[in-house]
>>> print(open('structure.cif').read())   # mmCIF, C-alpha atoms
data_protein
#
loop_
_atom_site.label_atom_id
_atom_site.label_comp_id
_atom_site.auth_asym_id
_atom_site.auth_seq_id
_atom_site.Cartn_x
_atom_site.Cartn_y
_atom_site.Cartn_z
CA MET Y 19 4.65 24.59 -7.48
CA GLY Y 20 4.93 22.45 -4.36
CA ARG Y 21 6.82 19.90 -6.39
CA MET Y 22 9.30 22.55 -7.60
CA ILE Y 23 9.93 23.72 -4.04
CA SER Y 24 10.49 20.20 -2.74
CA LEU Y 25 12.91 19.51 -5.64
CA ALA Y 26 14.82 22.68 -4.72
CA VAL Y 27 14.96 21.61 -1.07
CA VAL Y 28 16.27 18.14 -1.98
CA LEU Y 29 18.89 19.58 -4.35
CA LEU Y 30 20.02 22.12 -1.74
CA GLY Y 31 20.33 19.28 0.79
CA VAL Y 32 22.51 17.25 -1.58
CA TRP Y 33 24.64 20.34 -2.33
CA PHE Y 34 25.20 20.96 1.38
CA ILE Y 35 25.95 17.31 2.19
CA LEU Y 36 28.51 17.12 -0.60
CA SER Y 37 30.19 20.50 0.01
CA GLY Y 38 29.86 20.68 3.79
CA SER Y 39 30.91 24.29 3.70
CA THR Y 40 29.10 27.27 5.22
CA ASP Y 41 31.16 29.80 3.25
CA PRO Y 42 28.63 32.43 2.03
CA PHE Y 43 30.02 32.42 -1.52
CA LEU Y 44 29.67 28.63 -1.84
CA LEU Y 45 26.18 28.67 -0.35
CA ALA Y 46 25.13 31.47 -2.72
CA SER Y 47 26.47 29.65 -5.77
CA GLY Y 48 24.64 26.56 -4.53
CA VAL Y 49 21.37 28.47 -4.40
CA VAL Y 50 21.97 29.91 -7.88
CA SER Y 51 22.76 26.46 -9.33
CA VAL Y 52 19.71 24.91 -7.70
CA LEU Y 53 17.47 27.67 -9.06
CA LEU Y 54 18.91 27.21 -12.56
CA VAL Y 55 18.37 23.44 -12.40
CA VAL Y 56 14.79 23.84 -11.18
CA ILE Y 57 13.97 26.45 -13.86
CA ILE Y 58 15.51 24.37 -16.67
CA ALA Y 59 13.82 21.16 -15.46
CA HIS Y 60 10.52 23.04 -15.26
CA ARG Y 61 10.88 24.40 -18.80
CA MET Y 62 11.67 20.87 -20.03
CA GLY Y 63 8.45 19.69 -18.39
CA MET Y 64 10.37 17.20 -16.25
CA ILE Y 65 8.96 18.13 -12.84
CA ASP Y 66 5.85 15.95 -12.78
CA GLU Y 67 4.75 12.87 -10.85
CA GLU Y 68 7.07 10.79 -13.05
CA GLY Y 69 10.19 12.96 -13.19
CA PHE Y 70 10.23 13.75 -9.47
CA PRO Y 71 7.83 11.34 -7.71
CA ILE Y 72 7.94 12.97 -4.27
CA GLN Y 73 4.30 11.91 -3.75
CA LEU Y 74 5.53 8.35 -3.15
CA LEU Y 75 7.80 9.39 -0.26
CA GLY Y 76 5.39 8.54 2.56
CA GLY Y 77 4.46 5.18 1.07
CA LEU Y 78 8.09 4.33 0.35
CA ILE Y 79 9.14 5.03 3.93
CA LEU Y 80 6.53 2.53 5.16
CA TYR Y 81 7.50 0.01 2.43
CA LEU Y 82 11.29 0.13 2.84
CA PRO Y 83 11.62 -1.77 6.17
CA TRP Y 84 9.72 -4.73 4.69
CA LEU Y 85 11.86 -4.60 1.52
CA VAL Y 86 15.08 -4.50 3.55
CA CYS Y 87 13.98 -7.62 5.46
CA GLN Y 88 13.23 -9.41 2.19
CA ILE Y 89 16.62 -8.38 0.77
CA ALA Y 90 18.42 -9.64 3.88
CA LEU Y 91 16.64 -13.03 3.73
CA ALA Y 92 17.26 -13.32 -0.02
CA ASN Y 93 20.95 -12.48 0.50
CA LEU Y 94 21.29 -15.43 2.87
CA ALA Y 95 19.44 -17.77 0.49
CA VAL Y 96 21.57 -16.83 -2.54
CA ALA Y 97 24.81 -16.98 -0.54
CA ARG Y 98 23.84 -20.46 0.63
CA THR Y 99 23.20 -21.53 -2.97
CA ILE Y 100 26.57 -20.23 -4.13
CA LEU Y 101 28.57 -21.66 -1.24
CA ALA Y 102 26.96 -25.12 -1.28
CA PRO Y 103 29.63 -27.74 -2.10
CA VAL Y 104 27.32 -29.28 -4.70
CA MET Y 105 25.28 -26.63 -6.43
CA LYS Y 106 21.61 -27.39 -6.96
CA ILE Y 107 20.03 -24.75 -9.16
CA ASP Y 108 16.45 -24.85 -10.36
CA ALA Y 109 16.51 -21.49 -12.11
CA GLY Y 110 13.78 -20.37 -14.45
CA SER Y 111 11.74 -17.45 -15.66
CA ALA Y 112 8.05 -16.62 -15.58
CA TRP Y 113 5.65 -13.72 -15.99
CA VAL Y 114 4.54 -12.12 -12.73
CA PRO Y 115 1.34 -10.06 -12.74
CA ALA Y 116 1.86 -6.37 -11.93
CA SER Y 117 -1.25 -4.47 -10.93
CA GLN Y 118 0.32 -1.00 -10.47
CA LYS Y 119 -1.57 1.82 -12.14
CA THR Y 120 1.22 4.30 -12.84
CA PRO Y 121 4.56 3.90 -14.65
CA VAL Y 122 6.41 5.02 -11.51
CA GLY Y 123 4.68 2.31 -9.46
CA LEU Y 124 5.72 -0.25 -12.08
CA VAL Y 125 9.32 0.98 -11.86
CA VAL Y 126 9.25 0.67 -8.07
CA PHE Y 127 7.96 -2.91 -8.38
CA ALA Y 128 10.48 -3.93 -11.07
CA ASN Y 129 13.33 -2.33 -9.13
CA SER Y 130 12.25 -4.08 -5.92
CA ILE Y 131 12.29 -7.41 -7.77
CA THR Y 132 15.76 -6.76 -9.16
CA LEU Y 133 17.07 -5.41 -5.88
CA THR Y 134 16.10 -8.63 -4.11
CA PRO Y 135 18.93 -11.10 -4.78
CA GLY Y 136 17.76 -14.23 -6.55
CA THR Y 137 15.20 -12.47 -8.73
CA VAL Y 138 15.80 -10.14 -11.69
CA SER Y 139 13.18 -8.41 -13.82
CA LEU Y 140 13.98 -9.07 -17.48
CA SER Y 141 11.27 -7.16 -19.29
CA VAL Y 142 8.47 -4.95 -18.11
CA LEU Y 143 5.05 -4.61 -19.76
CA GLU Y 144 2.10 -2.60 -18.56
CA ASP Y 145 0.42 -5.41 -16.64
CA ARG Y 146 3.15 -7.98 -16.08
CA ILE Y 147 6.89 -8.39 -15.54
CA GLN Y 148 9.08 -11.20 -16.80
CA VAL Y 149 11.20 -12.40 -13.89
CA HIS Y 150 14.21 -14.69 -13.84
CA ALA Y 151 14.81 -16.40 -10.51
CA LEU Y 152 17.61 -18.52 -9.12
CA SER Y 153 15.08 -20.85 -7.51
CA ARG Y 154 11.48 -21.78 -8.26
CA LYS Y 155 10.62 -20.75 -4.71
CA GLY Y 156 11.53 -17.14 -5.49
CA LEU Y 157 9.20 -17.19 -8.49
CA GLU Y 158 6.37 -18.71 -6.46
CA ASP Y 159 6.79 -16.10 -3.73
CA LEU Y 160 6.45 -13.32 -6.30
CA GLN Y 161 3.49 -14.95 -8.02
CA ARG Y 162 1.73 -15.10 -4.67
CA GLY Y 163 1.71 -11.32 -5.05
CA GLU Y 164 2.62 -9.94 -1.63
CA MET Y 165 5.27 -7.57 -3.03
CA ASP Y 166 2.82 -6.53 -5.79
CA ARG Y 167 0.21 -5.65 -3.16
CA ARG Y 168 2.65 -3.70 -1.04
CA VAL Y 169 3.92 -1.63 -3.99
CA CYS Y 170 0.29 -0.88 -4.91
CA ALA Y 171 -0.14 0.40 -1.35
CA VAL Y 172 2.88 2.69 -1.90
CA GLU Y 173 1.12 4.08 -4.99
CA GLY Y 174 -2.22 4.48 -3.25
CA ARG Y 175 -0.96 6.51 -0.28
CA ARG Y 176 -1.02 10.04 -1.67
CA MET O 30 30.10 1.68 24.71
CA SER O 31 32.69 2.55 22.07
CA THR O 32 33.99 -1.02 22.27
CA LEU O 33 30.50 -2.32 21.57
CA ILE O 34 30.18 0.00 18.55
CA ASP O 35 33.61 -1.14 17.34
CA VAL O 36 32.62 -4.79 17.61
CA VAL O 37 29.32 -4.27 15.75
CA SER O 38 31.09 -2.18 13.13
CA TRP O 39 33.79 -4.80 12.50
CA VAL O 40 31.27 -7.62 12.37
CA ALA O 41 29.38 -5.65 9.71
CA LEU O 42 32.56 -4.87 7.74
CA VAL O 43 33.77 -8.48 7.79
CA ALA O 44 30.33 -9.87 6.93
CA GLY O 45 30.04 -7.38 4.07
CA GLY O 46 33.46 -8.36 2.79
CA LEU O 47 32.54 -12.05 2.97
CA LEU O 48 29.35 -11.35 0.99
CA MET O 49 31.44 -9.55 -1.65
CA VAL O 50 33.76 -12.58 -1.91
CA THR O 51 30.73 -14.89 -2.11
CA SER O 52 29.34 -12.73 -4.88
CA ALA O 53 32.61 -12.97 -6.83
CA LEU O 54 32.70 -16.73 -6.28
CA GLY O 55 29.15 -16.98 -7.59
CA MET O 56 30.18 -15.10 -10.74
CA VAL O 57 32.63 -17.93 -11.45
CA ARG O 58 30.58 -20.90 -10.25
CA LEU O 59 27.14 -20.18 -11.65
CA PRO O 60 26.43 -21.50 -15.16
CA ASP O 61 25.05 -18.64 -17.30
CA ILE O 62 24.51 -14.89 -17.51
CA PHE O 63 21.09 -14.85 -15.82
CA THR O 64 22.16 -16.81 -12.76
CA ARG O 65 25.38 -14.77 -12.58
CA LEU O 66 23.27 -11.61 -12.36
CA HIS O 67 21.89 -12.98 -9.10
CA ALA O 68 25.42 -13.39 -7.77
CA GLY O 69 26.16 -9.78 -8.71
CA SER O 70 23.14 -8.48 -6.84
CA LEU O 71 24.58 -10.04 -3.69
CA ALA O 72 27.40 -7.51 -3.74
CA ASP O 73 25.06 -4.67 -4.77
CA THR O 74 22.73 -5.09 -1.81
CA GLY O 75 24.04 -7.02 1.19
CA GLY O 76 27.71 -6.31 0.60
CA VAL O 77 27.29 -2.57 0.07
CA ALA O 78 24.78 -2.21 2.90
CA LEU O 79 26.90 -4.03 5.48
CA ILE O 80 30.14 -2.23 4.54
CA LEU O 81 28.41 1.16 4.61
CA LEU O 82 26.89 0.27 8.00
CA GLY O 83 30.35 -0.62 9.31
CA LEU O 84 31.80 2.63 7.98
CA VAL O 85 28.93 4.74 9.38
CA LEU O 86 29.61 3.25 12.83
CA GLN O 87 33.32 4.04 12.48
CA THR O 88 32.88 7.73 11.57
CA GLU O 89 31.95 10.51 13.95
CA PRO O 90 28.24 11.36 13.55
CA GLY O 91 28.03 14.31 11.17
CA LEU O 92 28.42 15.29 7.56
CA ASN O 93 30.47 12.22 6.63
CA THR O 94 27.70 9.95 7.92
CA LEU O 95 25.27 11.68 5.58
CA LYS O 96 27.72 11.32 2.69
CA LEU O 97 28.00 7.57 3.31
CA LEU O 98 24.21 7.27 3.43
CA LEU O 99 23.98 9.24 0.18
CA ILE O 100 26.33 6.70 -1.45
CA GLY O 101 23.97 3.97 -0.26
CA VAL O 102 20.89 5.75 -1.64
CA VAL O 103 22.51 6.30 -5.04
CA LEU O 104 23.72 2.69 -5.27
CA PHE O 105 20.33 1.28 -4.25
CA LEU O 106 18.60 3.37 -6.93
CA THR O 107 21.05 2.67 -9.77
CA THR O 108 22.22 -0.94 -9.41
CA PRO O 109 18.80 -2.54 -10.12
CA ALA O 110 18.60 -0.46 -13.30
CA VAL O 111 21.98 -1.83 -14.41
CA SER O 112 21.04 -5.44 -13.54
CA HIS O 113 17.79 -5.03 -15.46
CA ALA O 114 19.64 -3.55 -18.46
CA VAL O 115 22.07 -6.49 -18.58
CA GLY O 116 19.27 -9.05 -18.19
CA HIS O 117 17.08 -7.36 -20.79
CA ALA O 118 19.99 -7.12 -23.23
CA ALA O 119 20.73 -10.83 -22.78
CA LEU O 120 17.06 -11.60 -23.42
CA LEU O 121 17.00 -9.43 -26.57
CA GLY O 122 20.27 -11.04 -27.63
CA GLY O 123 18.42 -14.32 -27.88
CA LEU O 124 19.63 -16.13 -24.75
CA SER O 125 17.00 -18.35 -23.19
CA PRO O 126 16.29 -17.60 -19.52
CA ASP O 127 14.91 -21.10 -18.99
CA SER O 128 17.97 -23.21 -19.76
CA SER O 129 20.13 -22.48 -16.74
CA ASP O 130 19.33 -25.58 -14.69
CA ILE O 131 22.36 -27.65 -13.86
CA ASP O 132 22.55 -31.06 -12.26
CA ASP O 133 25.32 -32.42 -10.10
CA SER O 134 27.22 -34.27 -12.84
CA GLN O 135 27.66 -31.07 -14.87
CA SER O 136 28.89 -29.04 -11.92
CA ALA O 137 31.36 -31.77 -11.03
CA ALA O 138 32.68 -31.80 -14.58
CA SER O 139 33.14 -28.04 -14.93
#
>>> encode(input="structure.cif", output="structure tokens")
Amino acid sequence: MGRMISLAVVLLGVWFILSGSTDPFLLASGVVSVLLVVIIAHRMGMIDEEGFPIQLLGGLILYLPWLVCQIALANLAVARTILAPVMKIDAGSAWVPASQKTPVGLVVFANSITLTPGTVSLSVLEDRIQVHALSRKGLEDLQRGEMDRRVCAVEGRR
Amino acid sequence: MSTLIDVVSWVALVAGGLLMVTSALGMVRLPDIFTRLHAGSLADTGGVALILLGLVLQTEPGLNTLKLLLIGVVLFLTTPAVSHAVGHAALLGGLSPDSSDIDDSQSAAS
């Protein structure tokens, strides 16, 4: 029930941001649409910890600043590789252990890897992720497991 | 104060644009599909973030700021899925992710 209410609040927020109108008719039709969406999603069994993982919100807010820093650093590294007059690329792929317990946690980890320039997740299994990296250093950083640990912390904070 | 905001905003816009150009250059320079994916993610993350930051600083605080941030949220949730889909498809298509090393002689010849 709490999950349905938070979904409705998020949807109403998006509706208001996109319409920006306080006209009673528009607001009412927004409420009706949101209710329809929530009821249909509920009947389809989509409002669970996987379809609408609001339980990760607190953990994600603490995790995002670190991820943004990593993305900024990786941006500089990849830009330097591309702009170098003579390109030196030691690209490669490897399996990185993933110790997340839930599918959503695994998705967060795989998406974080892909979002960081210089590393892309190629295939995802239950306990490991195949990663392609533009430099061996990127692979080694991932295999050291700091990002893995931090995503596990996102999962754990419920 | 508004001058300072203008300066920061334009620095962000120009830096974002440069990152976009770098990303496009990487698409041409890098040797295969996997390494080119990395060039693409440069535009998806740094380029988008810096340009949105510049635009947020240019707009009056209000609904349009939220709309710009919403664009950022949607892009940051969807672009890794697309990159992963392309990479996974290339892997399933039989391309080897381990053969993209180049040495200097090859890059000079290409």
>>> resolve_selection(input="structure.cif", expression="the PyMOL selection byres ((chain O and resi 44) around 12)", output="list in words")
Asn93, Leu94 and Ala97 of chain Y; Val37, Ser38, Trp39, Val40, Ala41, Leu42, Val43, Gly45, Gly46, Leu47, Leu48, Met49, Val50, Thr51, Ala72, Gly75, Gly76, Val77, Ala78, Leu79, Ile80, Leu81, Leu82 and Gly83 of chain O
>>> interface_residues(input="structure.cif", of="chain O", to="chain Y", cutoff="9 Å", atoms="only C-alpha atoms", output="ChimeraX atom specification")
/O:48,51-52,54-55,58-59,63-64,66-71,73-75,92-93,95-96,99,105-106,108-110,112-120,126-133,136-137
>>> resolve_selection(input="structure.cif", expression="the PyMOL selection byres ((chain Y and resi 77) around 10)", output="list of chain:residue names")
Y:Gln73, Y:Leu74, Y:Leu75, Y:Gly76, Y:Leu78, Y:Ile79, Y:Leu80, Y:Tyr81, Y:Leu82, Y:Arg168, Y:Val169, Y:Cys170, Y:Ala171, Y:Val172, Y:Glu173, Y:Gly174, Y:Arg175, Y:Arg176
>>> atom_distance(input="structure.cif", atom1="atom CA of Y:Lys119", atom2="atom CA of Y:Leu25")
23.8 Å
>>> atom_distance(input="structure.cif", atom1="atom CA of Y:Phe43", atom2="atom CA of Y:Gly31")
16.5 Å
>>> resolve_selection(input="structure.cif", expression="the PyMOL selection byres ((chain Y and resi 22) around 9)", output="PyMOL selection string")
chain Y and resi 19-21+23-27+56-57+60+65
>>> residues_around(input="structure.cif", residues="Y:Gly69", least_positions_apart="6", cutoff="10 Å", atoms="only C-alpha atoms", output="PDB file with C-alpha atoms, in the coordinates of the input")
ATOM      1  CA  ALA Y  59      13.820  21.160 -15.460  1.00  0.00           C
ATOM      2  CA  GLY Y  63       8.450  19.690 -18.390  1.00  0.00           C
ATOM      3  CA  VAL Y 122       6.410   5.020 -11.510  1.00  0.00           C
TER       4      VAL Y 122
END
>>> atom_distance(input="structure.cif", atom1="atom CA of Y:Ser47", atom2="atom CA of Y:Leu29")
12.7 Å
>>> axis_aligned_box(input="structure.cif", around="stretch 75-90 of chain Y", padding_each_side="3 Å", output="JSON")
{"center_x": 11.4, "center_y": -0.1, "center_z": 3.0, "size_x": 20.0, "size_y": 25.0, "size_z": 12.4}
>>> closest_residue(input="structure.cif", among="Y:Gly48, Y:Gly123, Y:Glu164, Y:Leu30", to="Y:Glu144", atoms="all atoms listed in the file")
Y:Gly123
>>> closest_residue(input="structure.cif", among="Y:Arg162, Y:Ala46, Y:Arg146, Y:Gln88", to="Y:Ser117", atoms="only C-alpha atoms")
Y:Arg146
